[in-house]
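A.B. asks: For reference, the file run_3.cif (mmCIF, C-alpha atoms) is included below:
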```cif
data_final
#
loop_
_atom_site.label_atom_id
_atom_site.label_comp_id
_atom_site.auth_asym_id
_atom_site.auth_seq_id
_atom_site.Cartn_x
_atom_site.Cartn_y
_atom_site.Cartn_z
CA MET O 29 -52.21 73.59 35.48
CA ILE O 30 -51.63 70.36 37.37
CA PHE O 31 -51.25 68.54 34.04
CA LYS O 32 -48.59 71.02 32.89
CA LYS O 33 -46.67 70.57 36.14
CA ARG O 34 -46.73 66.82 35.70
CA ILE O 35 -45.51 67.15 32.11
CA PHE O 36 -42.74 69.47 33.31
CA LYS O 37 -41.69 67.05 36.06
CA ILE O 38 -41.73 64.11 33.67
CA GLY O 39 -39.66 66.13 31.18
CA CYS O 40 -37.14 67.03 33.89
CA CYS O 41 -36.89 63.40 34.98
CA LEU O 42 -36.37 62.24 31.40
CA ALA O 43 -33.71 64.90 30.82
CA PHE O 44 -31.96 63.87 34.03
CA VAL O 45 -32.04 60.19 33.06
CA ILE O 46 -30.70 60.97 29.57
CA LEU O 47 -27.92 63.12 31.05
CA LEU O 48 -27.09 60.37 33.54
CA VAL O 49 -26.94 57.74 30.79
CA LEU O 50 -24.75 59.95 28.58
CA THR O 51 -22.42 60.80 31.46
CA TYR O 52 -22.06 57.13 32.38
CA SER O 53 -21.49 56.24 28.72
CA PHE O 54 -18.78 58.88 28.38
CA TYR O 55 -17.17 57.80 31.65
CA ARG O 56 -17.24 54.15 30.57
CA GLU O 57 -15.69 55.07 27.21
CA LYS O 58 -12.95 56.99 29.01
CA ARG O 59 -12.25 54.12 31.37
CA MET O 60 -12.13 51.59 28.54
CA TYR O 61 -9.64 53.78 26.66
CA GLU O 62 -7.47 54.23 29.74
CA GLN O 63 -7.51 50.51 30.49
CA TYR O 64 -6.62 49.70 26.88
CA LEU O 65 -3.81 52.24 26.86
CA THR O 66 -2.47 51.11 30.23
CA SER O 67 -2.35 47.46 29.15
CA ASN O 68 -0.49 48.49 25.99
CA ILE O 69 1.92 50.73 27.87
CA ARG O 70 3.04 47.88 30.09
CA GLN O 71 4.22 45.82 27.10
CA ASP O 72 5.56 48.83 25.21
CA LEU O 73 7.71 49.77 28.19
CA VAL O 74 9.26 46.31 28.11
CA ASP O 75 9.73 46.37 24.33
CA MET O 76 11.31 49.83 24.31
CA LYS O 77 13.74 48.98 27.10
CA SER O 78 14.57 45.64 25.52
CA ALA O 79 15.39 47.23 22.16
CA ILE O 80 17.64 49.90 23.69
CA ILE O 81 19.46 47.41 25.93
CA THR O 82 19.94 44.89 23.10
CA ASN O 83 21.25 47.57 20.73
CA ASP O 84 23.70 48.76 23.38
CA ARG O 85 25.06 45.22 23.65
CA MET O 86 25.21 44.82 19.86
CA PHE O 87 27.06 48.11 19.35
CA ASN O 88 29.63 47.07 21.96
CA ARG O 89 30.21 43.71 20.27
CA ILE O 90 30.48 45.19 16.78
CA LEU O 91 33.04 47.77 17.88
CA GLU O 92 35.02 45.15 19.82
CA ASP O 93 35.06 42.65 16.94
CA GLY O 94 35.57 45.16 14.14
CA LYS O 95 32.88 43.45 12.07
CA ILE O 96 29.14 42.90 11.98
CA ILE O 97 28.45 39.20 12.51
CA ASN O 98 25.30 38.14 10.69
CA GLU O 99 25.62 34.38 11.15
CA MET O 100 23.27 32.44 13.44
CA VAL O 101 25.71 32.16 16.34
CA GLU O 102 25.72 33.46 19.91
CA ASP O 103 25.33 37.25 19.77
CA GLY O 104 25.14 36.87 15.98
CA GLU O 105 22.64 38.24 13.46
CA GLN O 106 23.78 41.61 14.76
CA ALA O 107 22.54 43.76 11.88
CA ARG O 108 19.15 42.07 12.03
CA GLN O 109 18.86 42.47 15.81
CA VAL O 110 19.75 46.16 15.71
CA TYR O 111 17.51 46.84 12.71
CA TYR O 112 14.44 45.19 14.20
CA GLY O 113 15.08 46.75 17.60
CA LEU O 114 14.96 50.17 15.93
CA ILE O 115 11.85 49.11 13.99
CA ASP O 116 10.15 48.16 17.27
CA MET O 117 10.92 51.59 18.71
CA MET O 118 9.54 53.34 15.62
CA GLN O 119 6.36 51.26 15.68
CA ILE O 120 5.74 52.22 19.31
CA ILE O 121 6.17 55.91 18.46
CA ASN O 122 3.89 55.63 15.42
CA LYS O 123 1.24 53.80 17.44
CA TYR O 124 1.02 56.53 20.06
CA ASN O 125 1.05 59.29 17.46
CA PHE O 126 -1.87 57.59 15.72
CA MET O 127 -3.75 56.99 18.99
CA ASN O 128 -3.34 60.62 20.03
CA LEU O 129 -4.44 61.87 16.61
CA THR O 130 -7.49 59.61 16.63
CA LEU O 131 -8.39 60.64 20.17
CA SER O 132 -8.13 64.37 19.44
CA GLN O 133 -10.32 64.01 16.35
CA GLU O 134 -13.00 61.64 17.60
CA ALA O 135 -13.27 61.73 21.39
CA ASN O 136 -15.72 64.07 23.04
CA TRP O 137 -14.56 66.29 25.87
CA LEU O 138 -15.90 63.99 28.59
CA ALA O 139 -14.23 60.90 27.13
CA LYS O 140 -10.74 62.33 26.83
CA PRO O 141 -8.24 60.56 29.09
CA ALA O 142 -6.24 62.26 31.77
CA PRO O 143 -3.16 64.19 30.53
CA LEU O 144 -0.80 61.52 31.89
CA PHE O 145 -2.04 59.17 29.16
CA ILE O 146 -1.14 61.58 26.34
CA ASN O 147 2.40 62.00 24.99
CA HIS O 148 3.78 64.83 22.89
CA ILE O 149 5.92 63.05 20.30
CA GLU O 150 5.30 64.64 16.90
CA VAL O 151 6.06 63.35 13.41
CA GLY O 152 8.60 66.14 12.84
CA ASP O 153 10.61 65.47 15.99
CA ILE O 154 14.27 64.50 15.78
CA TRP O 155 14.16 61.22 17.71
CA PRO O 156 12.04 59.33 15.12
CA GLN O 157 14.17 60.72 12.29
CA ALA O 158 17.36 59.60 14.02
CA LEU O 159 15.91 56.11 14.47
CA ARG O 160 15.09 55.89 10.76
CA ARG O 161 18.59 56.90 9.69
CA MET O 162 20.08 54.38 12.10
CA GLN O 163 17.85 51.69 10.60
CA MET O 164 19.20 52.39 7.11
CA THR O 165 22.74 51.50 8.18
CA PHE O 166 21.75 48.00 9.29
CA GLU O 167 19.00 47.23 6.78
CA ARG O 168 19.50 43.91 4.96
CA LEU O 169 23.23 43.51 5.54
CA ASP O 170 23.41 39.94 4.27
CA ILE O 171 27.19 39.41 4.32
CA SER O 172 28.08 36.89 7.06
CA ASN O 173 30.93 38.96 8.47
CA TYR O 174 30.46 42.50 7.29
CA PRO O 175 33.70 44.52 7.67
CA VAL O 176 33.55 47.72 9.70
CA SER O 177 35.43 50.47 7.90
CA ALA O 178 36.91 53.43 9.77
CA GLU O 179 34.00 55.60 8.62
CA LEU O 180 31.41 53.01 9.66
CA LYS O 181 33.16 52.57 13.01
CA ASP O 182 32.88 56.30 13.69
CA ARG O 183 29.21 56.17 12.75
CA ILE O 184 28.44 53.21 15.02
CA GLN O 185 30.25 54.98 17.85
CA ASP O 186 27.85 57.90 17.29
CA TYR O 187 24.91 55.50 17.40
CA GLN O 188 26.28 53.89 20.54
CA GLU O 189 26.73 57.23 22.28
CA LEU O 190 23.17 58.33 21.48
CA ASN O 191 21.72 54.93 22.38
CA HIS O 192 23.60 55.04 25.68
CA ARG O 193 21.87 58.32 26.50
CA TRP O 194 18.55 56.58 25.93
CA LEU O 195 19.73 53.68 28.08
CA ASN O 196 20.48 56.06 30.94
CA LEU O 197 16.85 57.22 30.77
CA VAL O 198 15.13 53.83 30.65
CA GLY O 199 17.66 51.94 32.81
CA ASP O 200 18.22 48.20 32.84
CA PHE O 201 15.67 45.58 33.84
CA GLU O 202 17.26 44.88 37.22
CA THR O 203 17.64 48.39 38.61
CA THR O 204 14.94 50.54 37.04
CA VAL O 205 11.17 50.13 37.14
CA ILE O 206 9.14 52.53 35.00
CA GLU O 207 5.51 52.99 35.99
CA GLU O 208 2.75 53.39 33.40
CA LYS O 209 2.15 56.95 34.61
CA ASP O 210 5.74 57.85 33.69
CA TRP O 211 5.37 56.76 30.06
CA PRO O 212 4.50 60.16 28.48
CA GLN O 213 7.39 61.78 30.34
CA ILE O 214 9.78 59.02 29.19
CA LEU O 215 8.80 59.57 25.54
CA TYR O 216 9.24 63.31 25.95
CA ASP O 217 12.61 62.86 27.68
CA LEU O 218 13.88 60.55 24.92
CA GLU O 219 13.13 63.26 22.34
CA GLN O 220 14.78 65.95 24.48
CA GLU O 221 17.82 63.75 25.13
CA THR O 222 18.20 63.21 21.38
CA ARG O 223 18.08 66.96 20.81
CA SER O 224 20.63 67.49 23.60
CA TYR O 225 22.98 64.97 21.98
CA PHE O 226 23.08 66.84 18.67
CA LYS O 227 23.30 70.19 20.43
CA ALA O 228 26.34 68.91 22.35
CA LYS O 229 27.83 67.87 18.99
CA ASN O 230 27.10 71.41 17.76
CA VAL O 231 25.14 70.18 14.75
CA ASP O 232 21.66 70.81 13.44
CA PHE O 233 20.30 67.33 12.76
CA VAL O 234 18.03 68.47 9.92
CA GLU O 235 19.90 71.38 8.36
CA ASP O 236 23.32 69.70 8.55
CA ASP O 237 21.98 66.51 6.93
CA VAL O 238 23.44 64.37 9.74
CA TRP O 239 23.72 60.63 8.95
CA ARG O 240 22.09 61.09 5.55
CA ASP O 241 24.68 58.72 4.07
CA ALA O 242 23.64 55.33 5.46
CA LEU O 243 27.09 53.75 4.82
CA ASN O 244 25.15 50.74 3.56
CA PRO O 245 25.83 49.30 0.08
CA ARG O 246 22.08 48.92 -0.29
CA TYR O 247 21.82 52.71 -0.56
CA ASP O 248 24.89 53.39 -2.74
#
```
Can I see the file as structure tokens?
C.D. replies:
Amino acid sequence: MIFKKRIFKIGCCLAFVILLVLTYSFYREKRMYEQYLTSNIRQDLVDMKSAIITNDRMFNRILEDGKIINEMVEDGEQARQVYYGLIDMMQIINKYNFMNLTLSQEANWLAKPAPLFINHIEVGDIWPQALRRMQMTFERLDISNYPVSAELKDRIQDYQELNHRWLNLVGDFETTVIEEKDWPQILYDLEQETRSYFKAKNVDFVEDDVWRDALNPRYD
């Protein structure tokens, strides 16, 4: 009887130790994920704001000059700057979509991060699609001084108006500081602001085939 009690106590102790080790392991995994995500968020916040602010400046210059300057001069290489700014924004979205998908598939329930680390941008959302169609307009415009037709001017004004809505959300570097904890909400708000823009225009972005024509000779 005494032997059985000892075996039982030893078994309980071993089970407790195993549970303790597993709990610590899960907690450590969670903390490592959160630290990794937080360190990425800090740079992604800067990159996202930088792209939106730069594109706002480029759109203003293009509309003022009536041409897209692609030479290596001050405020030049405009098509390239806008294109790669939009690419940066898309890469950030894709990264967080992939991270969320991986987390939901592989992480155990104890290792999942707090909700504030998870965003809700989906592949089928309008914001990423709008970014892609904007990219197509500026992709590989190699002419040094690309003329802005009346149709292209109207299109860039649309891009400028939508980008300015995004700018109002992220703010400029001097007046607005976005904390890491605000990141999921910022991503969500950018999607909602994009939807609001097209709703105000009374168009269905998908069904009405908005911006399908890139107005870029590369896609003629």
A.B. asks: Decode the PyMOL selection byres ((chain O and resi 234-247) around 9) for the given file into explicit residues and return them as a ChimeraX atom specification.
C.D. replies: /O:154,157-158,161-169,179-180,183,231-233,248
A.B. asks: Starting from the shown file, work through the PyMOL selection byres ((chain O and resi 220) around 12) and note down what comes out as a count of residues only.
C.D. replies: 24
A.B. asks: Find, counting all atoms listed in the file, the residue in O:Met76, O:Cys40, O:Leu114, O:Ala107 that gets nearest to Val198 of chain O.
C.D. replies: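 Of all the options, O:Met76 lies closest to Val198 of chain O.
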A.B. asks: List every protein, DNA or RNA residue that has an atom no more than 10 Å from (7.9, 48.2, 22.8) in the file's coordinate frame, counting all atoms listed in the file, and report them as a PDB file with C-alpha atoms, in the frame of the given file.
C.D. replies:
```pdb
ATOM      1  CA  ASN O  68      -0.490  48.490  25.990  1.00  0.00           C
ATOM      2  CA  ILE O  69       1.920  50.730  27.870  1.00  0.00           C
ATOM      3  CA  ARG O  70       3.040  47.880  30.090  1.00  0.00           C
ATOM      4  CA  GLN O  71       4.220  45.820  27.100  1.00  0.00           C
ATOM      5  CA  ASP O  72       5.560  48.830  25.210  1.00  0.00           C
ATOM      6  CA  LEU O  73       7.710  49.770  28.190  1.00  0.00           C
ATOM      7  CA  VAL O  74       9.260  46.310  28.110  1.00  0.00           C
ATOM      8  CA  ASP O  75       9.730  46.370  24.330  1.00  0.00           C
ATOM      9  CA  MET O  76      11.310  49.830  24.310  1.00  0.00           C
ATOM     10  CA  LYS O  77      13.740  48.980  27.100  1.00  0.00           C
ATOM     11  CA  SER O  78      14.570  45.640  25.520  1.00  0.00           C
ATOM     12  CA  ALA O  79      15.390  47.230  22.160  1.00  0.00           C
ATOM     13  CA  ILE O  80      17.640  49.900  23.690  1.00  0.00           C
ATOM     14  CA  GLY O 113      15.080  46.750  17.600  1.00  0.00           C
ATOM     15  CA  ILE O 115      11.850  49.110  13.990  1.00  0.00           C
ATOM     16  CA  ASP O 116      10.150  48.160  17.270  1.00  0.00           C
ATOM     17  CA  MET O 117      10.920  51.590  18.710  1.00  0.00           C
ATOM     18  CA  MET O 118       9.540  53.340  15.620  1.00  0.00           C
ATOM     19  CA  GLN O 119       6.360  51.260  15.680  1.00  0.00           C
ATOM     20  CA  ILE O 120       5.740  52.220  19.310  1.00  0.00           C
ATOM     21  CA  ILE O 121       6.170  55.910  18.460  1.00  0.00           C
TER      22      ILE O 121
END
```
A.B. asks: Please, what distance in Å, to one decimal, runs between atom CA of Leu91 of chain O and atom CA of Asp182 of chain O?
C.D. replies: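 About the pair atom CA of Leu91 of chain O and atom CA of Asp182 of chain O: they are 9.5 Å apart.
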A.B. asks: Starting from the shown file, work through the PyMOL selection byres ((chain O and resi 181) around 12) and note down what comes out as a PyMOL selection string.
C.D. replies: chain O and resi 87-96+165+174-180+182-188+243
A.B. asks: So which one's closest to Tyr124 of chain O, O:Leu159, O:Trp211, O:Ile35, O:Tyr111? Using only C-alpha atoms, please.
C.D. replies: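 Ranked by minimum distance to Tyr124 of chain O, first place goes to O:Trp211.
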A.B. asks: Have a look at atom CA of Arg108 of chain O and atom CA of Asn83 of chain O and let me know their distance in Å, one decimal.
C.D. replies: 10.5 Å
A.B. asks: Rounded to one decimal place, report the atom CA of Ile171 of chain O-atom CA of Gln106 of chain O distance in Å.
C.D. replies: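 If I compute the distance from atom CA of Ile171 of chain O to atom CA of Gln106 of chain O, I get 11.2 Å.
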